[in-house]
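What follows is a set of notes on a single structure, which appears directly below.
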Amino acid sequence: MDGLAHRLTPKARRPKAPKPRPVFPFTAMVGQGEMTLSLVLCAVDPAIGGVLALGDRGTGKSTAIRALAALLPPMKAIRGCRFNCAPGKPAQMCEACQQPRAPRATVPVPVVDLPLGATEDRVVGALDLERALTQGEKAFEPGLLARAHRGFLYIDEVNLLEDHLVDLLLDVAASGENVVERDGLSVRHPARFVLVGSGNPEEGELRPQLLDRFGLSVEVTTPTDLPTRMEVIKRRDAFERDSAGFCARFAPEEATLRARILAARAALPHVAVPDTMLEHAARLCMTAGTDGLRGELTLIRVARALAAYEGAGEVTLDHLRRLAPLALRHRLRRNPLDDSVATTRVARAVEEVIGP
């Protein structure tokens, strides 16, 4: 009887993981060409340094970043690693992953939101209180920076971020790793991510140190022409009414863009940058009046990424002309004698150095 009862008793089953919610397709975005191009180029070369999107609310900034992350293919990582360490790169691994023959897995590209009111412990990580109380062990509980490693860290209303969190981000962005020393713990782990920020400039300015850490800056505005606004409404309504059908409609375009990004990543190391392009980039930054040398470095990096994305073998003047506003408009030195907006000043410098 016991055996029969045992056979009739249903086996305990693990609860199924909830299905991921559908994400609006990246290729279905309408009317935000600067922002979508900037995100794609950062996906081709994360060393560009991220994107700062300033402008109106409700224009698809957060939608675009989540759509791009969903578009990208899963990345290779060490199985079970809390920091998504990349296999084959010992210099960028945590201590636990530096063991030989660590098992590999594929994981989705992470997109992590950093809330404005987040505590320092939540951002950098802290002592795992549960293990400390139940097992008497001091263990590290990773924070948002660990979760964002090799993915995207998104900060909405970044211009309202508290100063102590800005300082943390600056340190991590400069070093590429997060160091936590507290409560008898000393932990060091890699933290390299594409920093994406959005905000409304009318609500406050960013600190210059953080502003300079963003590779590209885009101006996001509400569409002013009627056909574009109607198309945005039509596509969003179609997605909300039948998300599966809408995503299937754009699946071929998503696959094409995914393949194009992967091909650009493979071609990136082989794109040539002639000395004449370096000279034009330097002259452009000098004429526009940028602070420091990060402007030239970013302009060359993003131009190389665009050349790879478009299948060109070398960087050209056209690449510099098209990307100069994105790479330089947020790096201009303040000029009390010139009250022109940054984009206009960059456009004048481009026309003077490169030509119309």
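Labeling convention for the structure tokens: chains A, B, ... as they appear, residues from 1 per chain, ligands from 1 in order of appearance.
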
### Query
Can you list, as an MDAnalysis selection string, every protein, DNA or RNA residue that comes within 9 Å of segment 282-285 of chain A when you count only C-alpha atoms, leaving out same-chain residues fewer than 3 positions away?
chainID A and resid 277:279 288:291 293 295:296 324 328 332 346 349:350 352:354

Take the residues just selected and output them with N, CA and C atoms as a JSON list (two decimals), in the first residue's frame.
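Below you can see part_27.json, which holds the result:
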[["chain", "number", "residue", "atom", "x", "y", "z"],
["A", 277, "MET", "N", 43.19, 61.48, -41.04],
["A", 277, "MET", "CA", 41.95, 61.51, -40.24],
["A", 277, "MET", "C", 42.25, 61.90, -38.79],
["A", 278, "LEU", "N", 43.40, 61.43, -38.28],
["A", 278, "LEU", "CA", 43.80, 61.85, -36.94],
["A", 278, "LEU", "C", 44.02, 63.36, -36.90],
["A", 279, "GLU", "N", 44.65, 63.89, -37.95],
["A", 279, "GLU", "CA", 44.90, 65.33, -38.01],
["A", 279, "GLU", "C", 43.59, 66.11, -38.07],
["A", 288, "ALA", "N", 36.71, 73.59, -32.28],
["A", 288, "ALA", "CA", 35.46, 73.62, -31.50],
["A", 288, "ALA", "C", 35.70, 74.06, -30.07],
["A", 289, "GLY", "N", 36.91, 73.85, -29.54],
["A", 289, "GLY", "CA", 37.21, 74.26, -28.17],
["A", 289, "GLY", "C", 36.81, 73.22, -27.14],
["A", 290, "THR", "N", 37.23, 71.96, -27.35],
["A", 290, "THR", "CA", 36.91, 70.91, -26.39],
["A", 290, "THR", "C", 37.93, 70.89, -25.25],
["A", 291, "ASP", "N", 37.50, 70.41, -24.10],
["A", 291, "ASP", "CA", 38.38, 70.27, -22.95],
["A", 291, "ASP", "C", 39.07, 68.91, -23.01],
["A", 293, "LEU", "N", 41.72, 65.71, -24.09],
["A", 293, "LEU", "CA", 41.96, 64.96, -25.31],
["A", 293, "LEU", "C", 40.96, 63.82, -25.51],
["A", 295, "GLY", "N", 37.98, 64.01, -26.38],
["A", 295, "GLY", "CA", 37.15, 64.26, -27.55],
["A", 295, "GLY", "C", 37.72, 63.60, -28.79],
["A", 296, "GLU", "N", 39.04, 63.80, -29.04],
["A", 296, "GLU", "CA", 39.67, 63.18, -30.20],
["A", 296, "GLU", "C", 39.63, 61.65, -30.12],
["A", 324, "ALA", "N", 30.80, 64.02, -35.43],
["A", 324, "ALA", "CA", 31.36, 65.08, -34.59],
["A", 324, "ALA", "C", 30.36, 65.64, -33.58],
["A", 328, "LEU", "N", 31.30, 65.44, -29.56],
["A", 328, "LEU", "CA", 31.93, 66.68, -29.08],
["A", 328, "LEU", "C", 30.98, 67.67, -28.41],
["A", 332, "LEU", "N", 32.42, 70.81, -24.99],
["A", 332, "LEU", "CA", 32.88, 72.13, -25.36],
["A", 332, "LEU", "C", 33.17, 72.99, -24.13],
["A", 346, "VAL", "N", 29.62, 73.12, -32.88],
["A", 346, "VAL", "CA", 30.29, 71.98, -33.50],
["A", 346, "VAL", "C", 30.09, 72.02, -35.01],
["A", 349, "ALA", "N", 32.49, 74.41, -36.53],
["A", 349, "ALA", "CA", 33.84, 73.87, -36.56],
["A", 349, "ALA", "C", 33.99, 72.83, -37.66],
["A", 350, "VAL", "N", 32.99, 71.99, -37.84],
["A", 350, "VAL", "CA", 33.03, 70.98, -38.91],
["A", 350, "VAL", "C", 33.14, 71.66, -40.28],
["A", 352, "GLU", "N", 34.33, 74.59, -40.96],
["A", 352, "GLU", "CA", 35.60, 75.26, -41.11],
["A", 352, "GLU", "C", 36.75, 74.28, -41.37],
["A", 353, "VAL", "N", 36.75, 73.14, -40.69],
["A", 353, "VAL", "CA", 37.87, 72.19, -40.79],
["A", 353, "VAL", "C", 37.68, 71.19, -41.94],
["A", 354, "ILE", "N", 36.47, 70.67, -42.07],
["A", 354, "ILE", "CA", 36.22, 69.61, -43.04],
["A", 354, "ILE", "C", 35.52, 70.14, -44.29]]

Name the residues of segment 148-245 of chain A that come out as alpha helix (DSSP H) in a backbone DSSP run; write them as a ChimeraX atom specification. /A:163-175,208-213,226-241,243-245

Each segment 42-108 of chain A residue no farther than 7 Å from segment 298-307 of chain A, nearest pair in Å, only C-alpha atoms, as JSON lines:
{"residue": "A:Val44", "atom": "CA", "partner": "A:Ala305", "partner_atom": "CA", "distance": 6.3}
{"residue": "A:Asp45", "atom": "CA", "partner": "A:Ala305", "partner_atom": "CA", "distance": 6.3}
{"residue": "A:Ile48", "atom": "CA", "partner": "A:Thr298", "partner_atom": "CA", "distance": 6.0}

Write the residues you've just listed into a file as an mmCIF file, in the first residue's frame, and include all heavy atoms for each of them.
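Now in again.cif:
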data_model
loop_
_atom_site.group_PDB
_atom_site.id
_atom_site.type_symbol
_atom_site.label_atom_id
_atom_site.label_comp_id
_atom_site.auth_asym_id
_atom_site.auth_seq_id
_atom_site.Cartn_x
_atom_site.Cartn_y
_atom_site.Cartn_z
ATOM 1 N N VAL A 44 28.761 47.835 -30.931
ATOM 2 C CA VAL A 44 29.887 47.393 -31.760
ATOM 3 C C VAL A 44 31.193 47.538 -30.983
ATOM 4 O O VAL A 44 32.035 46.633 -30.987
ATOM 5 C CB VAL A 44 29.936 48.202 -33.069
ATOM 6 C CG1 VAL A 44 31.217 47.880 -33.856
ATOM 7 C CG2 VAL A 44 28.711 47.911 -33.921
ATOM 8 N N ASP A 45 31.373 48.663 -30.301
ATOM 9 C CA ASP A 45 32.598 48.915 -29.540
ATOM 10 C C ASP A 45 32.241 49.542 -28.192
ATOM 11 O O ASP A 45 32.077 50.755 -28.089
ATOM 12 C CB ASP A 45 33.526 49.847 -30.317
ATOM 13 C CG ASP A 45 34.860 50.065 -29.594
ATOM 14 O OD1 ASP A 45 35.098 49.389 -28.581
ATOM 15 O OD2 ASP A 45 35.654 50.906 -30.051
ATOM 16 N N ILE A 48 33.704 52.870 -26.517
ATOM 17 C CA ILE A 48 33.308 54.241 -26.854
ATOM 18 C C ILE A 48 32.926 55.015 -25.598
ATOM 19 O O ILE A 48 33.177 56.222 -25.503
ATOM 20 C CB ILE A 48 32.152 54.229 -27.873
ATOM 21 C CG1 ILE A 48 32.676 53.751 -29.233
ATOM 22 C CG2 ILE A 48 31.497 55.598 -28.008
ATOM 23 C CD1 ILE A 48 31.584 53.506 -30.257
#

query: So how far away is atom CA of Ala43 of chain A from atom CA of Arg265 of chain A, in Å?
result: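 Rounded to one decimal, the two atoms are 8.5 Å apart.
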
Using only C-alpha atoms, the best pick from A:Ala47, A:Pro274, A:Gly88, A:Pro325 as closest to Arg348 of chain A would be A:Pro325
